[in-house]
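Since the structure comes first, as structure tokens, the remarks are kept for the end.
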Amino acid sequence: MPNLKSPLLVSGGPEKRVFLGEVDAMAATHVAACYQCGKCSGGCPLSFAMDYQPRQIMRLVQMGLADEALASNTIWVCATCYTCTSRCPRDIDIAGVMDALRFMARRRGFRPGDRNVGVFHRSFLNGVKRFGRSHELMLFVEYKLGTMRLTEDLPLGAKMLAKNKMAILPEITKGRAEIAALFRESARGAEKGGDKL
Amino acid sequence: MSGQSARYAYYPGCSLHSTAREYNVSVRAVAQAAGVELVEVPDWNCCGATSAHATDPFLAFALPARVLLQAEESGLDILAPCAACYGRLMTAKEEAHRRPDLVARFEKAIGRKLGPAPRILNVLEFLAEPKVAETIAAGLKRPLTDLKVAPYYGCLLVRPSKVTRFDDAERPTSMDKILASVGATPVDFPGKTECCGASLGISRVDLVVELSGRIVQQAKHAGAEAIAVACPLCQTNLDGRQGTAAAKLGEAFGLPIYYITELVALALGVAPGRLGLGKHLTNSLALLRQKKLA
């Protein structure tokens, strides 16, 4: 059993390893152990839509190329299906690394490498903050206004409304004060920069 | 859980009260047929789904943790029929052991203590629970003879396996067995655990058409007449996007996408009219009529 924590393909001096250390700490994993076999890229159902393959993202992290990794569309196109994580022969939580890179990208002010995906996540969490539960119709409308993709999916949306598959009125969690407290704590933690995965 | 009156805490999640209402109906119908009581988690909230774990590490833990806290008082095992809710609850349960710092922040923010999490069941585990399995074994009123169904597991029931510890991440068989137990013919196909595109369903329609289309195509080519799912997002993507995918691929699909509980409820004799199968976007009644099951 190799020592998975020891740097294998890591290049450069300590200053190049700061980013690697941050990603490892956030995702509770060990990217240095990646030996570039490519199994993650081979099994990734969305690799065809990514600018960097998952294997290349691992390499960017190893090399300390933070800007390239954080600006990539890969981390936003990743659907977190965990195929890479479950197959990695070096036991690296690759999907967890994608989560960590998204957090860091947001915190460091990178624009999401896929704008629509970013707007979707923001709209979704806005809804939960508002009601405690997700209200699909309002999510749909907020997303449309946020992206100005007004006509896409209108026929599907109309069909779902006609079939009574989307509630017109939101359901509201009574313990909204608790939900609000959790959102406040999230914002406070992000300010302190103390979030780990 | 054993004994006369099997009871479970029930966490439907947001989808089962909206786009997946018919899933809620069929889960409850199966429970009723089996004499199992489902006690809805009081004042539950959203688990945060992909959007929380993709962008906010604290909420990714805290939202499902509050659901676990709300369920605590009942002292019952939790049934979570949505695969995404199930994945988030299981992850929060695992993180609660590993991350005392997150638990401390959560408890301080909410002013309540988080106790040990109970057992959390996905819908396939629920269907294999003694009372339900016994009801199925005791006699089917309407066996689904000659119905060829591809069991589609998707991602979050079986992955990450260190968290869900359920079935097999590459070749799961639990849904195959349930289908066989209600008289249907499970159709093995390569797309069993491929991803449907999940929450990209609204933001990257092009990608979801590609991924979901491929899964429906593989099931069709393997000889399936329908697909069974155990997740509202899988259902919505495979059901709602297969028309566009078929046109793009130059093929005809028309494969009904049933929730596994709809098929079990049918076999247990629940009237098709009660199940709301008309809510599916791809016609799901014609095939049942053709097989004299509706």
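Every chain in the structure tokens takes a letter, A first, then B, and so on in the order presented; its residues are numbered from 1, and the ligands are numbered from 1 following the presented order.
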**Which of region 57-281 of chain B fall in helix (DSSP H, G or I), as a PyMOL selection string** = chain B and resi 57-72+83-98+100-110+123-127+130-137+161-164+174-181+200-203+205-221+232-249+260-267+272-275+277-279
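If you take only C-alpha atoms and a cut-off of 6 Å, the residues of chain A that reach chain B are Cys81, Tyr82, Ser86, Asp99, Phe103, Asn116, Val117, His121, Gly132, Arg133, Ser134, Lys163, Lys165, Met166, Ala167, Thr173, Glu178, Ala181, Ser186 and Leu197 of chain A.
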Please write the residues from the selection above to a file, keeping C-alpha atoms, as a JSON list (two decimals), in the first residue's frame.
```json
[["chain", "number", "residue", "atom", "x", "y", "z"],
["A", 81, "CYS", "CA", -22.93, 11.40, -10.45],
["A", 82, "TYR", "CA", -19.94, 10.02, -8.45],
["A", 86, "SER", "CA", -16.51, 5.19, -7.08],
["A", 99, "ASP", "CA", -17.55, 20.49, -5.13],
["A", 103, "PHE", "CA", -16.94, 26.60, -3.51],
["A", 116, "ASN", "CA", -26.77, 29.03, -16.68],
["A", 117, "VAL", "CA", -25.79, 26.35, -14.21],
["A", 121, "HIS", "CA", -28.12, 26.88, -8.29],
["A", 132, "GLY", "CA", -37.84, 26.39, 3.44],
["A", 133, "ARG", "CA", -38.95, 24.21, 0.54],
["A", 134, "SER", "CA", -38.30, 24.36, -3.17],
["A", 163, "LYS", "CA", -51.00, 18.04, -15.99],
["A", 165, "LYS", "CA", -47.38, 18.62, -12.05],
["A", 166, "MET", "CA", -46.29, 22.04, -10.77],
["A", 167, "ALA", "CA", -47.88, 23.53, -7.69],
["A", 173, "THR", "CA", -41.85, 25.39, 6.28],
["A", 178, "GLU", "CA", -34.51, 28.13, 11.84],
["A", 181, "ALA", "CA", -30.56, 31.02, 11.00],
["A", 186, "SER", "CA", -23.60, 29.79, 6.15],
["A", 197, "LEU", "CA", -16.34, 20.07, 2.85]]
```
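Minimum distance to Ala28 (chain A) across A:Ala100, A:Cys78, A:Met148, A:Ile57 (counting only C-alpha atoms) occurs at A:Ala100.
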**Request:** Determine, counting only C-alpha atoms, which protein, DNA and RNA residues have an atom within 12 Å of an atom of Ile94 (chain A); residues of the same chain fewer than 5 positions away are not included. Present the result as an MDAnalysis selection string.
**Result:** (chainID A and resid 23:24 27:34 38:41 44 53:59 61 75 78 80:89 99:101) or (chainID B and resid 160)
Using N, CA and C atoms, can you write the selected residues to a file as an mmCIF file, in the first residue's frame?
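selection.cif, freshly written:
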```cif
data_model
loop_
_atom_site.group_PDB
_atom_site.id
_atom_site.type_symbol
_atom_site.label_atom_id
_atom_site.label_comp_id
_atom_site.auth_asym_id
_atom_site.auth_seq_id
_atom_site.Cartn_x
_atom_site.Cartn_y
_atom_site.Cartn_z
ATOM 1 N N VAL A 23 -7.352 22.395 -1.534
ATOM 2 C CA VAL A 23 -8.345 21.498 -2.145
ATOM 3 C C VAL A 23 -8.437 20.206 -1.333
ATOM 4 N N ASP A 24 -7.278 19.639 -0.980
ATOM 5 C CA ASP A 24 -7.267 18.407 -0.175
ATOM 6 C C ASP A 24 -8.023 18.595 1.136
ATOM 7 N N ALA A 27 -11.887 18.948 0.506
ATOM 8 C CA ALA A 27 -12.560 17.748 0.034
ATOM 9 C C ALA A 27 -12.185 16.516 0.859
ATOM 10 N N ALA A 28 -11.368 16.701 1.881
ATOM 11 C CA ALA A 28 -10.905 15.583 2.713
ATOM 12 C C ALA A 28 -10.406 14.433 1.848
ATOM 13 N N THR A 29 -9.513 14.772 0.906
ATOM 14 C CA THR A 29 -8.982 13.737 0.018
ATOM 15 C C THR A 29 -7.508 14.017 -0.253
ATOM 16 N N HIS A 30 -6.919 13.398 -1.259
ATOM 17 C CA HIS A 30 -5.473 13.492 -1.467
ATOM 18 C C HIS A 30 -5.175 13.463 -2.967
ATOM 19 N N VAL A 31 -5.317 14.628 -3.590
ATOM 20 C CA VAL A 31 -5.180 14.725 -5.043
ATOM 21 C C VAL A 31 -3.771 14.340 -5.509
ATOM 22 N N ALA A 32 -2.771 14.519 -4.631
ATOM 23 C CA ALA A 32 -1.395 14.188 -5.019
ATOM 24 C C ALA A 32 -1.254 12.731 -5.432
ATOM 25 N N ALA A 33 -2.152 11.883 -4.936
ATOM 26 C CA ALA A 33 -2.040 10.453 -5.227
ATOM 27 C C ALA A 33 -2.434 10.112 -6.663
ATOM 28 N N CYS A 34 -3.038 11.043 -7.373
ATOM 29 C CA CYS A 34 -3.483 10.765 -8.746
ATOM 30 C C CYS A 34 -2.295 10.459 -9.634
ATOM 31 N N GLY A 38 -6.601 8.155 -15.986
ATOM 32 C CA GLY A 38 -7.667 8.559 -16.897
ATOM 33 C C GLY A 38 -8.967 7.800 -16.749
ATOM 34 N N LYS A 39 -9.079 6.959 -15.717
ATOM 35 C CA LYS A 39 -10.313 6.194 -15.536
ATOM 36 C C LYS A 39 -11.502 7.131 -15.279
ATOM 37 N N CYS A 40 -11.244 8.231 -14.572
ATOM 38 C CA CYS A 40 -12.319 9.189 -14.287
ATOM 39 C C CYS A 40 -12.839 9.815 -15.576
ATOM 40 N N SER A 41 -11.929 10.217 -16.454
ATOM 41 C CA SER A 41 -12.345 10.826 -17.716
ATOM 42 C C SER A 41 -13.076 9.808 -18.580
ATOM 43 N N CYS A 44 -16.615 9.301 -17.211
ATOM 44 C CA CYS A 44 -17.442 10.493 -16.977
ATOM 45 C C CYS A 44 -18.474 10.665 -18.089
ATOM 46 N N GLN A 53 -10.799 17.674 -19.026
ATOM 47 C CA GLN A 53 -11.288 16.382 -18.563
ATOM 48 C C GLN A 53 -11.040 16.281 -17.047
ATOM 49 N N PRO A 54 -11.797 15.438 -16.336
ATOM 50 C CA PRO A 54 -11.566 15.292 -14.891
ATOM 51 C C PRO A 54 -10.104 14.976 -14.562
ATOM 52 N N ARG A 55 -9.490 14.109 -15.350
ATOM 53 C CA ARG A 55 -8.075 13.778 -15.130
ATOM 54 C C ARG A 55 -7.211 15.042 -15.222
ATOM 55 N N GLN A 56 -7.534 15.909 -16.166
ATOM 56 C CA GLN A 56 -6.741 17.140 -16.330
ATOM 57 C C GLN A 56 -6.960 18.096 -15.163
ATOM 58 N N ILE A 57 -8.173 18.101 -14.621
ATOM 59 C CA ILE A 57 -8.434 18.941 -13.445
ATOM 60 C C ILE A 57 -7.555 18.480 -12.279
ATOM 61 N N MET A 58 -7.453 17.153 -12.105
ATOM 62 C CA MET A 58 -6.591 16.624 -11.038
ATOM 63 C C MET A 58 -5.151 17.111 -11.240
ATOM 64 N N ARG A 59 -4.721 17.109 -12.487
ATOM 65 C CA ARG A 59 -3.346 17.533 -12.791
ATOM 66 C C ARG A 59 -3.167 19.029 -12.538
ATOM 67 N N VAL A 61 -4.680 20.780 -10.345
ATOM 68 C CA VAL A 61 -4.586 20.956 -8.890
ATOM 69 C C VAL A 61 -3.200 20.545 -8.403
ATOM 70 N N ILE A 75 -16.120 22.175 -13.789
ATOM 71 C CA ILE A 75 -16.657 22.061 -12.426
ATOM 72 C C ILE A 75 -18.146 22.393 -12.396
ATOM 73 N N CYS A 78 -20.095 19.243 -14.411
ATOM 74 C CA CYS A 78 -20.111 18.013 -13.607
ATOM 75 C C CYS A 78 -21.474 17.874 -12.934
ATOM 76 N N THR A 80 -22.145 15.644 -10.657
ATOM 77 C CA THR A 80 -21.872 14.894 -9.425
ATOM 78 C C THR A 80 -22.611 13.552 -9.384
ATOM 79 N N CYS A 81 -22.333 12.736 -10.406
ATOM 80 C CA CYS A 81 -22.931 11.395 -10.451
ATOM 81 C C CYS A 81 -22.084 10.406 -9.672
ATOM 82 N N TYR A 82 -20.867 10.814 -9.281
ATOM 83 C CA TYR A 82 -19.942 10.022 -8.455
ATOM 84 C C TYR A 82 -19.381 8.781 -9.144
ATOM 85 N N THR A 83 -19.514 8.704 -10.480
ATOM 86 C CA THR A 83 -18.906 7.568 -11.173
ATOM 87 C C THR A 83 -17.388 7.603 -10.995
ATOM 88 N N CYS A 84 -16.788 8.797 -11.129
ATOM 89 C CA CYS A 84 -15.331 8.937 -10.985
ATOM 90 C C CYS A 84 -14.889 8.535 -9.582
ATOM 91 N N THR A 85 -15.596 9.056 -8.572
ATOM 92 C CA THR A 85 -15.235 8.755 -7.182
ATOM 93 C C THR A 85 -15.290 7.260 -6.915
ATOM 94 N N SER A 86 -16.344 6.602 -7.432
ATOM 95 C CA SER A 86 -16.508 5.188 -7.084
ATOM 96 C C SER A 86 -15.513 4.313 -7.840
ATOM 97 N N ARG A 87 -14.917 4.838 -8.944
ATOM 98 C CA ARG A 87 -14.011 3.990 -9.720
ATOM 99 C C ARG A 87 -12.530 4.306 -9.509
ATOM 100 N N CYS A 88 -12.207 5.419 -8.867
ATOM 101 C CA CYS A 88 -10.804 5.858 -8.793
ATOM 102 C C CYS A 88 -9.933 4.809 -8.098
ATOM 103 N N PRO A 89 -8.905 4.289 -8.794
ATOM 104 C CA PRO A 89 -8.045 3.260 -8.189
ATOM 105 C C PRO A 89 -7.154 3.834 -7.085
ATOM 106 N N ASP A 99 -16.803 19.653 -6.087
ATOM 107 C CA ASP A 99 -17.552 20.485 -5.129
ATOM 108 C C ASP A 99 -16.632 21.544 -4.528
ATOM 109 N N ALA A 100 -15.450 21.115 -4.062
ATOM 110 C CA ALA A 100 -14.505 22.037 -3.418
ATOM 111 C C ALA A 100 -14.100 23.155 -4.379
ATOM 112 N N LEU A 101 -13.863 22.796 -5.641
ATOM 113 C CA LEU A 101 -13.445 23.809 -6.621
ATOM 114 C C LEU A 101 -14.573 24.804 -6.897
ATOM 115 N N PRO B 160 -22.222 7.795 -3.766
ATOM 116 C CA PRO B 160 -20.974 7.041 -3.568
ATOM 117 C C PRO B 160 -21.217 5.869 -2.615
#
```
**Request:** Determine, counting only C-alpha atoms, which protein, DNA and RNA residues have an atom within 10 Å of an atom of Ala271 (chain B); residues of the same chain fewer than 6 positions away are not included. Present the result as a ChimeraX atom specification.
**Result:** /B:265,293-294
**Request:** Would you mind listing what lies within 12 Å of Gly157 (chain A) as a count of residues only, with only C-alpha atoms counted and same-chain residues fewer than 2 positions away left out?
**Result:** 27
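What separates CA of Pro151 (chain B) from CA of Asp93 (chain A) is a distance of 27.2 Å.
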**Prompt:** So, counting only C-alpha atoms, which residue among B:Arg171, B:Arg165, B:Lys141, B:Arg112 is closest to Glu94 (chain B)?
**Reply:** B:Arg165
**Item:** Among listed residues B:Leu127, B:Leu68, B:Ala267, B:Leu238, nearest Ala184 (chain B) (using only C-alpha atoms)
**Value:** B:Ala267
